[in-house]
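Following: one structure in structure tokens, then a few remarks.
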Amino acid sequence: MGDGGDSVIGPVDPMQVPRFAGPATYARLPALDAVGKAEVAILGVPFDSGVVYRPGARFGPAAIRSGSRMLRPFNAWTEAEPFAQQVADAGDVACTPFGIEQAIGEIEAAAKATYERASHVMAIGGDHTIALPLLRAASKRFGPLALVHFDAHLDTWNTYFGGARYTHGTPFRRAAEEGLLDLQRSLHVGTRGPQFSAQDLPDDAALGFRLIDGRAIDDRGAASIASEIREVVGDAHVYLSLDIDVLDPAFAPGTGTPEAGGWSSREAIAVIRGLGGLRLAGADVVEVAPAYDHAEVTAIAAANIVYELLCLFSLTKAGG
């Protein structure tokens, strides 16, 4: 399916099967096992042992899938047809909740195995710790990656609690140290809120990251932010990682470390829609913790962001 030589199997027809019925896959898409290969595989990573505040993102993949039931095959606002390519749900990684480093290894192995059956992996988490093994797998296939990191937080701190190196606050420092990233073409977007010290931002910049902070959406708007992202990453292969807490808690209450003053779901989608032309290698949407959600507000926002990223994958394929 991934080479375009076979017919594409799309989502269940909502005119035949009501949206509240049918498979519990993302957007009611076929399972990867059913189609064999895919252009993009949706991979659930139900892991949250790296959190430092609220747990619960282990239930994020199921919540995002539930929030995706209203999605449709044509994006009228970008003219993308994300399901015209073969997209399939690869199910969830079976990773231990008891040992972080063991789980990281299990996630990396599962992602590498998924890349053997799909051109790209779109992961749904799970806390942000999972970005490290996902980047390891993606860089194995594509080489060092430009990182576009949407998040209220930098996630480049060194250690927590006397030496814990692997948490949801450290994945991109570890990724930088491991040579997984093209640091001349990597940036954080939407960062806001208090830092631990005046040294946090300089330390992050010393690693090589650029920063578009959360205020830019007011000062410059979505189109300008998207333009700068495209300029920074250029023609590099891109890994896009989005923590749902880049949204304000009004739009994403169901998350582990909420910060006031964030973007609306409309603003985040507008920025993502402006990224057409990126050579998207892989992506994740993380930190959905449904126990703190209400009326599926966070899950629906996350599901729609995943949809917009699938549209970018389809444009990546069309653009070569």
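To be explicit about the labels: the chains of the structure tokens are called A, B, and onward in the order shown, and within each one the residues are counted from 1, while ligands get numbers from 1 in the order they are shown.
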Taking the DSSP secondary structure from the backbone, can you list the residues of range 162-303 of chain A that are helix (DSSP H, G or I), as a PDB file with N, CA and C atoms, in the first residue's frame?
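Written output follows (part-v7.pdb):
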ATOM      1  N   PRO A 171      13.386  15.008  26.824  1.00  0.00           N
ATOM      2  CA  PRO A 171      13.640  14.199  25.615  1.00  0.00           C
ATOM      3  C   PRO A 171      14.482  14.894  24.569  1.00  0.00           C
ATOM      4  N   PHE A 172      14.356  16.220  24.442  1.00  0.00           N
ATOM      5  CA  PHE A 172      15.054  16.867  23.338  1.00  0.00           C
ATOM      6  C   PHE A 172      16.495  17.215  23.692  1.00  0.00           C
ATOM      7  N   ARG A 173      16.829  17.302  24.986  1.00  0.00           N
ATOM      8  CA  ARG A 173      18.243  17.371  25.361  1.00  0.00           C
ATOM      9  C   ARG A 173      18.918  16.045  25.040  1.00  0.00           C
ATOM     10  N   ARG A 174      18.268  14.937  25.418  1.00  0.00           N
ATOM     11  CA  ARG A 174      18.852  13.629  25.114  1.00  0.00           C
ATOM     12  C   ARG A 174      18.975  13.447  23.600  1.00  0.00           C
ATOM     13  N   ALA A 175      17.952  13.869  22.857  1.00  0.00           N
ATOM     14  CA  ALA A 175      18.004  13.719  21.396  1.00  0.00           C
ATOM     15  C   ALA A 175      19.142  14.538  20.803  1.00  0.00           C
ATOM     16  N   ALA A 176      19.349  15.752  21.339  1.00  0.00           N
ATOM     17  CA  ALA A 176      20.460  16.582  20.869  1.00  0.00           C
ATOM     18  C   ALA A 176      21.794  15.918  21.188  1.00  0.00           C
ATOM     19  N   GLU A 177      21.924  15.380  22.401  1.00  0.00           N
ATOM     20  CA  GLU A 177      23.166  14.721  22.805  1.00  0.00           C
ATOM     21  C   GLU A 177      23.455  13.489  21.959  1.00  0.00           C
ATOM     22  N   LEU A 183      20.453  20.504  14.550  1.00  0.00           N
ATOM     23  CA  LEU A 183      20.183  21.593  15.485  1.00  0.00           C
ATOM     24  C   LEU A 183      20.244  22.967  14.837  1.00  0.00           C
ATOM     25  N   GLN A 184      20.784  23.053  13.639  1.00  0.00           N
ATOM     26  CA  GLN A 184      20.731  24.325  12.923  1.00  0.00           C
ATOM     27  C   GLN A 184      19.354  24.581  12.331  1.00  0.00           C
ATOM     28  N   ARG A 185      18.518  23.548  12.347  1.00  0.00           N
ATOM     29  CA  ARG A 185      17.192  23.670  11.723  1.00  0.00           C
ATOM     30  C   ARG A 185      16.087  23.218  12.673  1.00  0.00           C
ATOM     31  N   ASP A 200      17.631  28.958  31.934  1.00  0.00           N
ATOM     32  CA  ASP A 200      16.978  27.936  31.113  1.00  0.00           C
ATOM     33  C   ASP A 200      16.979  28.288  29.631  1.00  0.00           C
ATOM     34  N   LEU A 201      16.568  29.495  29.290  1.00  0.00           N
ATOM     35  CA  LEU A 201      16.506  29.869  27.879  1.00  0.00           C
ATOM     36  C   LEU A 201      17.898  29.948  27.252  1.00  0.00           C
ATOM     37  N   PRO A 202      18.898  30.567  27.923  1.00  0.00           N
ATOM     38  CA  PRO A 202      20.244  30.533  27.337  1.00  0.00           C
ATOM     39  C   PRO A 202      20.801  29.118  27.172  1.00  0.00           C
ATOM     40  N   ASP A 203      20.528  28.238  28.145  1.00  0.00           N
ATOM     41  CA  ASP A 203      21.005  26.856  28.017  1.00  0.00           C
ATOM     42  C   ASP A 203      20.385  26.169  26.808  1.00  0.00           C
ATOM     43  N   ASP A 204      19.107  26.408  26.597  1.00  0.00           N
ATOM     44  CA  ASP A 204      18.433  25.827  25.440  1.00  0.00           C
ATOM     45  C   ASP A 204      19.022  26.368  24.142  1.00  0.00           C
ATOM     46  N   ALA A 205      19.235  27.671  24.089  1.00  0.00           N
ATOM     47  CA  ALA A 205      19.813  28.282  22.892  1.00  0.00           C
ATOM     48  C   ALA A 205      21.222  27.760  22.634  1.00  0.00           C
ATOM     49  N   ALA A 206      21.971  27.464  23.714  1.00  0.00           N
ATOM     50  CA  ALA A 206      23.326  26.948  23.550  1.00  0.00           C
ATOM     51  C   ALA A 206      23.337  25.572  22.894  1.00  0.00           C
ATOM     52  N   LEU A 207      22.256  24.813  23.061  1.00  0.00           N
ATOM     53  CA  LEU A 207      22.148  23.527  22.371  1.00  0.00           C
ATOM     54  C   LEU A 207      21.961  23.709  20.868  1.00  0.00           C
ATOM     55  N   ALA A 216       4.119  35.240  20.153  1.00  0.00           N
ATOM     56  CA  ALA A 216       4.221  35.553  18.730  1.00  0.00           C
ATOM     57  C   ALA A 216       2.884  35.439  18.020  1.00  0.00           C
ATOM     58  N   ILE A 217       2.002  34.590  18.537  1.00  0.00           N
ATOM     59  CA  ILE A 217       0.694  34.441  17.881  1.00  0.00           C
ATOM     60  C   ILE A 217      -0.089  35.743  17.934  1.00  0.00           C
ATOM     61  N   ASP A 218       0.123  36.532  18.991  1.00  0.00           N
ATOM     62  CA  ASP A 218      -0.525  37.835  19.093  1.00  0.00           C
ATOM     63  C   ASP A 218       0.235  38.894  18.314  1.00  0.00           C
ATOM     64  N   ASP A 219       1.554  38.869  18.407  1.00  0.00           N
ATOM     65  CA  ASP A 219       2.368  39.910  17.789  1.00  0.00           C
ATOM     66  C   ASP A 219       2.466  39.772  16.279  1.00  0.00           C
ATOM     67  N   ALA A 222      -0.480  33.662  12.762  1.00  0.00           N
ATOM     68  CA  ALA A 222      -0.164  32.296  12.361  1.00  0.00           C
ATOM     69  C   ALA A 222       0.653  32.235  11.077  1.00  0.00           C
ATOM     70  N   ALA A 223       0.315  33.060  10.097  1.00  0.00           N
ATOM     71  CA  ALA A 223       1.003  32.976   8.803  1.00  0.00           C
ATOM     72  C   ALA A 223       2.477  33.312   8.943  1.00  0.00           C
ATOM     73  N   SER A 224       2.805  34.310   9.757  1.00  0.00           N
ATOM     74  CA  SER A 224       4.201  34.693   9.952  1.00  0.00           C
ATOM     75  C   SER A 224       4.967  33.603  10.688  1.00  0.00           C
ATOM     76  N   ILE A 225       4.334  32.983  11.695  1.00  0.00           N
ATOM     77  CA  ILE A 225       4.987  31.899  12.426  1.00  0.00           C
ATOM     78  C   ILE A 225       5.272  30.730  11.495  1.00  0.00           C
ATOM     79  N   ALA A 226       4.284  30.342  10.700  1.00  0.00           N
ATOM     80  CA  ALA A 226       4.477  29.234   9.769  1.00  0.00           C
ATOM     81  C   ALA A 226       5.588  29.545   8.771  1.00  0.00           C
ATOM     82  N   SER A 227       5.643  30.784   8.313  1.00  0.00           N
ATOM     83  CA  SER A 227       6.674  31.179   7.359  1.00  0.00           C
ATOM     84  C   SER A 227       8.068  31.056   7.972  1.00  0.00           C
ATOM     85  N   GLU A 228       8.213  31.473   9.234  1.00  0.00           N
ATOM     86  CA  GLU A 228       9.515  31.359   9.885  1.00  0.00           C
ATOM     87  C   GLU A 228       9.905  29.895  10.080  1.00  0.00           C
ATOM     88  N   ILE A 229       8.949  29.060  10.459  1.00  0.00           N
ATOM     89  CA  ILE A 229       9.245  27.635  10.612  1.00  0.00           C
ATOM     90  C   ILE A 229       9.759  27.061   9.294  1.00  0.00           C
ATOM     91  N   ARG A 230       9.065  27.352   8.213  1.00  0.00           N
ATOM     92  CA  ARG A 230       9.488  26.834   6.908  1.00  0.00           C
ATOM     93  C   ARG A 230      10.874  27.340   6.541  1.00  0.00           C
ATOM     94  N   GLU A 231      11.145  28.603   6.871  1.00  0.00           N
ATOM     95  CA  GLU A 231      12.457  29.174   6.564  1.00  0.00           C
ATOM     96  C   GLU A 231      13.557  28.487   7.364  1.00  0.00           C
ATOM     97  N   VAL A 232      13.306  28.221   8.645  1.00  0.00           N
ATOM     98  CA  VAL A 232      14.322  27.606   9.498  1.00  0.00           C
ATOM     99  C   VAL A 232      14.623  26.183   9.049  1.00  0.00           C
ATOM    100  N   VAL A 233      13.594  25.381   8.772  1.00  0.00           N
ATOM    101  CA  VAL A 233      13.841  23.963   8.471  1.00  0.00           C
ATOM    102  C   VAL A 233      14.258  23.743   7.027  1.00  0.00           C
ATOM    103  N   ILE A 244       0.068  18.761  23.532  1.00  0.00           N
ATOM    104  CA  ILE A 244      -1.235  19.415  23.503  1.00  0.00           C
ATOM    105  C   ILE A 244      -1.293  20.605  24.453  1.00  0.00           C
ATOM    106  N   ASP A 245      -0.327  20.705  25.396  1.00  0.00           N
ATOM    107  CA  ASP A 245      -0.354  21.865  26.283  1.00  0.00           C
ATOM    108  C   ASP A 245       0.151  23.139  25.622  1.00  0.00           C
ATOM    109  N   VAL A 246       0.535  23.070  24.332  1.00  0.00           N
ATOM    110  CA  VAL A 246       0.752  24.317  23.597  1.00  0.00           C
ATOM    111  C   VAL A 246      -0.553  25.100  23.506  1.00  0.00           C
ATOM    112  N   SER A 265      -7.187  26.266  19.825  1.00  0.00           N
ATOM    113  CA  SER A 265      -7.079  25.177  18.855  1.00  0.00           C
ATOM    114  C   SER A 265      -7.104  25.745  17.431  1.00  0.00           C
ATOM    115  N   ARG A 266      -7.878  26.788  17.211  1.00  0.00           N
ATOM    116  CA  ARG A 266      -7.930  27.415  15.877  1.00  0.00           C
ATOM    117  C   ARG A 266      -6.565  27.973  15.487  1.00  0.00           C
ATOM    118  N   GLU A 267      -5.869  28.612  16.428  1.00  0.00           N
ATOM    119  CA  GLU A 267      -4.563  29.185  16.117  1.00  0.00           C
ATOM    120  C   GLU A 267      -3.542  28.097  15.808  1.00  0.00           C
ATOM    121  N   ALA A 268      -3.550  27.019  16.589  1.00  0.00           N
ATOM    122  CA  ALA A 268      -2.599  25.929  16.333  1.00  0.00           C
ATOM    123  C   ALA A 268      -2.844  25.314  14.966  1.00  0.00           C
ATOM    124  N   ILE A 269      -4.104  25.077  14.632  1.00  0.00           N
ATOM    125  CA  ILE A 269      -4.420  24.492  13.330  1.00  0.00           C
ATOM    126  C   ILE A 269      -4.021  25.436  12.203  1.00  0.00           C
ATOM    127  N   ALA A 270      -4.196  26.745  12.408  1.00  0.00           N
ATOM    128  CA  ALA A 270      -3.812  27.717  11.379  1.00  0.00           C
ATOM    129  C   ALA A 270      -2.311  27.667  11.120  1.00  0.00           C
ATOM    130  N   VAL A 271      -1.501  27.543  12.172  1.00  0.00           N
ATOM    131  CA  VAL A 271      -0.053  27.451  11.983  1.00  0.00           C
ATOM    132  C   VAL A 271       0.296  26.168  11.225  1.00  0.00           C
ATOM    133  N   ILE A 272      -0.290  25.054  11.639  1.00  0.00           N
ATOM    134  CA  ILE A 272       0.012  23.781  10.984  1.00  0.00           C
ATOM    135  C   ILE A 272      -0.392  23.824   9.513  1.00  0.00           C
ATOM    136  N   ARG A 273      -1.535  24.418   9.225  1.00  0.00           N
ATOM    137  CA  ARG A 273      -1.960  24.520   7.825  1.00  0.00           C
ATOM    138  C   ARG A 273      -1.006  25.354   6.990  1.00  0.00           C
ATOM    139  N   PRO A 290      -7.010  12.196  29.475  1.00  0.00           N
ATOM    140  CA  PRO A 290      -8.459  12.367  29.429  1.00  0.00           C
ATOM    141  C   PRO A 290      -9.137  12.451  30.786  1.00  0.00           C
ATOM    142  N   ALA A 291      -8.493  12.006  31.854  1.00  0.00           N
ATOM    143  CA  ALA A 291      -9.131  12.105  33.167  1.00  0.00           C
ATOM    144  C   ALA A 291      -9.386  13.556  33.567  1.00  0.00           C
ATOM    145  N   TYR A 292      -8.644  14.490  32.990  1.00  0.00           N
ATOM    146  CA  TYR A 292      -8.802  15.907  33.310  1.00  0.00           C
ATOM    147  C   TYR A 292      -9.577  16.652  32.233  1.00  0.00           C
ATOM    148  N   VAL A 297     -13.093  17.776  24.970  1.00  0.00           N
ATOM    149  CA  VAL A 297     -12.535  19.001  24.383  1.00  0.00           C
ATOM    150  C   VAL A 297     -11.095  18.787  23.936  1.00  0.00           C
ATOM    151  N   THR A 298     -10.271  18.255  24.823  1.00  0.00           N
ATOM    152  CA  THR A 298      -8.857  18.048  24.512  1.00  0.00           C
ATOM    153  C   THR A 298      -8.685  16.956  23.469  1.00  0.00           C
ATOM    154  N   ALA A 299      -9.420  15.878  23.619  1.00  0.00           N
ATOM    155  CA  ALA A 299      -9.292  14.746  22.694  1.00  0.00           C
ATOM    156  C   ALA A 299      -9.691  15.145  21.275  1.00  0.00           C
ATOM    157  N   ILE A 300     -10.753  15.926  21.144  1.00  0.00           N
ATOM    158  CA  ILE A 300     -11.193  16.362  19.813  1.00  0.00           C
ATOM    159  C   ILE A 300     -10.161  17.309  19.198  1.00  0.00           C
ATOM    160  N   ALA A 301      -9.621  18.227  20.008  1.00  0.00           N
ATOM    161  CA  ALA A 301      -8.571  19.112  19.497  1.00  0.00           C
ATOM    162  C   ALA A 301      -7.376  18.304  19.024  1.00  0.00           C
ATOM    163  N   ALA A 302      -6.932  17.336  19.829  1.00  0.00           N
ATOM    164  CA  ALA A 302      -5.782  16.515  19.454  1.00  0.00           C
ATOM    165  C   ALA A 302      -6.064  15.707  18.195  1.00  0.00           C
ATOM    166  N   ALA A 303      -7.260  15.121  18.103  1.00  0.00           N
ATOM    167  CA  ALA A 303      -7.611  14.322  16.929  1.00  0.00           C
ATOM    168  C   ALA A 303      -7.590  15.167  15.665  1.00  0.00           C
TER     169      ALA A 303
END
Taking 5 positions as the minimum chain separation for residues in the same chain, which residues sit within 10 Å of range 99-104 of chain A when counting only C-alpha atoms? Answer as a PDB file with C-alpha atoms, in the first residue's frame.
ATOM      1  CA  PHE A  47       3.089   5.484  28.314  1.00  0.00           C
ATOM      2  CA  ASP A  48       3.098   8.128  31.055  1.00  0.00           C
ATOM      3  CA  SER A  49       5.699   7.023  33.597  1.00  0.00           C
ATOM      4  CA  GLY A  50       7.867  10.041  32.713  1.00  0.00           C
ATOM      5  CA  VAL A  93       2.913  -0.287  21.684  1.00  0.00           C
ATOM      6  CA  ALA A  94       3.022  -2.812  24.525  1.00  0.00           C
ATOM      7  CA  ALA A 109      11.756  -1.220  18.738  1.00  0.00           C
ATOM      8  CA  ALA A 110       8.032  -0.940  17.988  1.00  0.00           C
ATOM      9  CA  THR A 129       9.187  11.012  27.020  1.00  0.00           C
ATOM     10  CA  ILE A 130       8.093   8.963  24.006  1.00  0.00           C
ATOM     11  CA  ALA A 131       9.513  11.529  21.577  1.00  0.00           C
ATOM     12  CA  LEU A 132      13.049  10.282  22.269  1.00  0.00           C
ATOM     13  CA  PRO A 133      12.576   6.668  21.118  1.00  0.00           C
ATOM     14  CA  LEU A 134      10.391   7.856  18.244  1.00  0.00           C
ATOM     15  CA  ALA A 164      16.575  11.143  36.381  1.00  0.00           C
ATOM     16  CA  ARG A 165      17.689  11.583  32.766  1.00  0.00           C
ATOM     17  CA  TYR A 166      14.606  10.221  31.007  1.00  0.00           C
ATOM     18  CA  THR A 167      11.400  12.156  31.736  1.00  0.00           C
TER      19      THR A 167
END
For Ala62 in chain A: contacts at 9 Å, only C-alpha atoms, fewer than 4 positions along chain excluded, given as number ranges by chain: A: 24-26, 44, 46, 58, 66-67
Please write the residues from the selection above to a file, keeping C-alpha atoms, as a PDB file, in the first residue's frame.
ATOM      1  CA  ALA A  24     -12.177   1.963  17.559  1.00  0.00           C
ATOM      2  CA  THR A  25      -9.241   2.906  15.324  1.00  0.00           C
ATOM      3  CA  TYR A  26      -8.202   6.470  14.557  1.00  0.00           C
ATOM      4  CA  GLY A  44      -0.465   4.577  19.879  1.00  0.00           C
ATOM      5  CA  PRO A  46       0.235   4.502  26.012  1.00  0.00           C
ATOM      6  CA  ARG A  58      -1.334   6.493  29.038  1.00  0.00           C
ATOM      7  CA  SER A  66     -12.447   8.382  20.237  1.00  0.00           C
ATOM      8  CA  GLY A  67     -12.204  12.090  19.443  1.00  0.00           C
TER       9      GLY A  67
END
Neighbour list for range 147-155 of chain A as an MDAnalysis selection string, cut-off 7 Å, only C-alpha atoms, skip fewer than 3 positions in-chain: chainID A and resid 168:172 181 186:192 238:243 245:246 259
Nearby residues (only C-alpha atoms) at most 10 Å from Asp293 in chain A, same-chain spacing under 4 positions excluded, as a count of residues only: 12
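If you measure from each of A:Glu81, A:Gly125, A:Gly282, A:Asp213 to Gly56 in chain A using only C-alpha atoms, the closest one turns out to be A:Gly125.
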If you take only C-alpha atoms and a cut-off of 12 Å, which residues of range 74-95 of chain A touch range 308-317 of chain A, and what are their nearest atom pairs and distances in Å to one decimal, in chain and number order, as CSV?
residue,atom,partner,partner_atom,distance
A:Phe74,CA,A:Cys311,CA,9.3
A:Asn75,CA,A:Cys311,CA,7.8
A:Ala76,CA,A:Cys311,CA,11.0
A:Trp77,CA,A:Glu308,CA,10.4
A:Thr78,CA,A:Cys311,CA,8.1
A:Glu79,CA,A:Cys311,CA,8.9
A:Ala80,CA,A:Cys311,CA,5.6
A:Glu81,CA,A:Cys311,CA,6.5
A:Pro82,CA,A:Cys311,CA,4.6
A:Phe83,CA,A:Leu310,CA,8.1
A:Ala84,CA,A:Ser314,CA,7.9
A:Gln85,CA,A:Ser314,CA,6.7
A:Gln86,CA,A:Ser314,CA,9.6
A:Val87,CA,A:Leu310,CA,8.5
A:Ala88,CA,A:Leu310,CA,11.2
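For the set A:Ala90, A:Arg279, A:Thr156, A:Phe59, the residue with the smallest atom-to-atom gap to Pro30 in chain A is A:Ala90, counting only C-alpha atoms.
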Those in range 109-276 of chain A with strand (DSSP E or B) from DSSP, as a PyMOL selection string: chain A and resi 118-125+145-150+160+164+181+187-191+210-213+237-243+247+255+263
Expected file contents, prior selection, N, CA and C atoms, as a tab-separated table (two decimals), in the first residue's frame:
chain	number	residue	atom	x	y	z
A	118	ALA	N	5.57	0.99	7.01
A	118	ALA	CA	4.97	2.27	6.66
A	118	ALA	C	6.07	3.27	6.33
A	119	SER	N	5.78	4.18	5.43
A	119	SER	CA	6.77	5.20	5.06
A	119	SER	C	6.97	6.21	6.18
A	120	HIS	N	5.90	6.46	6.95
A	120	HIS	CA	5.96	7.46	8.01
A	120	HIS	C	5.16	6.95	9.20
A	121	VAL	N	5.54	7.41	10.40
A	121	VAL	CA	4.83	7.06	11.62
A	121	VAL	C	4.26	8.33	12.23
A	122	MET	N	2.97	8.31	12.51
A	122	MET	CA	2.27	9.38	13.22
A	122	MET	C	1.89	8.82	14.58
A	123	ALA	N	2.63	9.20	15.62
A	123	ALA	CA	2.42	8.63	16.94
A	123	ALA	C	1.43	9.46	17.75
A	124	ILE	N	0.64	8.77	18.58
A	124	ILE	CA	-0.25	9.45	19.50
A	124	ILE	C	0.04	8.92	20.91
A	125	GLY	N	0.31	9.87	21.82
A	125	GLY	CA	0.75	9.47	23.16
A	125	GLY	C	-0.29	9.75	24.20
A	145	LEU	N	17.33	14.90	12.03
A	145	LEU	CA	16.06	15.52	11.66
A	145	LEU	C	15.96	16.95	12.17
A	146	ALA	N	15.38	17.82	11.36
A	146	ALA	CA	14.95	19.12	11.86
A	146	ALA	C	13.76	18.88	12.78
A	147	LEU	N	13.80	19.47	13.95
A	147	LEU	CA	12.71	19.30	14.91
A	147	LEU	C	11.87	20.56	14.97
A	148	VAL	N	10.56	20.40	14.80
A	148	VAL	CA	9.60	21.48	15.04
A	148	VAL	C	8.78	21.05	16.24
A	149	HIS	N	8.98	21.73	17.36
A	149	HIS	CA	8.48	21.28	18.65
A	149	HIS	C	7.48	22.31	19.18
A	150	PHE	N	6.19	21.97	19.11
A	150	PHE	CA	5.13	22.82	19.65
A	150	PHE	C	4.89	22.42	21.11
A	160	TYR	N	15.96	15.42	36.44
A	160	TYR	CA	14.97	15.72	37.49
A	160	TYR	C	15.26	14.86	38.71
A	164	ALA	N	17.42	11.84	37.35
A	164	ALA	CA	16.58	11.14	36.38
A	164	ALA	C	16.76	11.79	35.01
A	181	LEU	N	19.27	15.10	15.93
A	181	LEU	CA	18.67	16.31	15.41
A	181	LEU	C	19.65	17.13	14.58
A	187	LEU	N	13.59	24.00	16.21
A	187	LEU	CA	13.04	25.11	16.99
A	187	LEU	C	11.86	24.69	17.83
A	188	HIS	N	11.66	25.45	18.92
A	188	HIS	CA	10.49	25.33	19.76
A	188	HIS	C	9.48	26.41	19.34
A	189	VAL	N	8.20	26.06	19.44
A	189	VAL	CA	7.16	26.99	19.03
A	189	VAL	C	6.06	27.00	20.10
A	190	GLY	N	5.66	28.20	20.52
A	190	GLY	CA	4.55	28.33	21.46
A	190	GLY	C	4.95	28.26	22.92
A	191	THR	N	6.26	28.27	23.20
A	191	THR	CA	6.74	28.14	24.57
A	191	THR	C	6.33	29.35	25.41
A	210	ARG	N	16.25	27.25	18.06
A	210	ARG	CA	15.59	28.54	17.91
A	210	ARG	C	14.31	28.51	18.73
A	211	LEU	N	13.74	29.69	19.01
A	211	LEU	CA	12.54	29.79	19.83
A	211	LEU	C	11.57	30.80	19.24
A	212	ILE	N	10.33	30.35	19.02
A	212	ILE	CA	9.22	31.25	18.70
A	212	ILE	C	8.28	31.15	19.89
A	213	ASP	N	8.29	32.14	20.76
A	213	ASP	CA	7.54	31.97	22.01
A	213	ASP	C	6.04	32.19	21.80
A	237	HIS	N	14.56	16.92	6.25
A	237	HIS	CA	13.51	16.05	6.76
A	237	HIS	C	13.13	16.53	8.16
A	238	VAL	N	11.84	16.61	8.42
A	238	VAL	CA	11.32	17.24	9.63
A	238	VAL	C	10.60	16.22	10.49
A	239	TYR	N	10.86	16.29	11.80
A	239	TYR	CA	10.04	15.59	12.78
A	239	TYR	C	9.27	16.66	13.54
A	240	LEU	N	7.94	16.54	13.56
A	240	LEU	CA	7.09	17.51	14.23
A	240	LEU	C	6.50	16.87	15.48
A	241	SER	N	6.78	17.47	16.63
A	241	SER	CA	6.30	16.96	17.91
A	241	SER	C	5.42	18.01	18.57
A	242	LEU	N	4.18	17.65	18.87
A	242	LEU	CA	3.25	18.62	19.43
A	242	LEU	C	2.71	18.12	20.77
A	243	ASP	N	3.04	18.86	21.81
A	243	ASP	CA	2.45	18.65	23.13
A	243	ASP	C	1.15	19.43	23.17
A	247	LEU	N	-1.68	24.38	23.60
A	247	LEU	CA	-2.98	25.04	23.67
A	247	LEU	C	-3.23	25.54	25.09
A	255	THR	N	-4.65	17.64	30.24
A	255	THR	CA	-3.22	17.46	30.01
A	255	THR	C	-2.50	17.50	31.34
A	263	TRP	N	-2.25	28.98	23.15
A	263	TRP	CA	-2.96	29.18	21.90
A	263	TRP	C	-4.36	28.57	21.96
Separation of CA of Ala295 in chain A from CA of Asp248 in chain A, in Å and rounded to one decimal: 16.1 Å
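CA of Tyr307 in chain A is positioned 22.0 Å from CA of Ala137 in chain A.
Proximity to Val285 in chain A was assessed for A:Glu106, A:Ile42, A:Arg54, A:Arg117 counting only C-alpha atoms; the smallest distance is recorded for A:Ile42.
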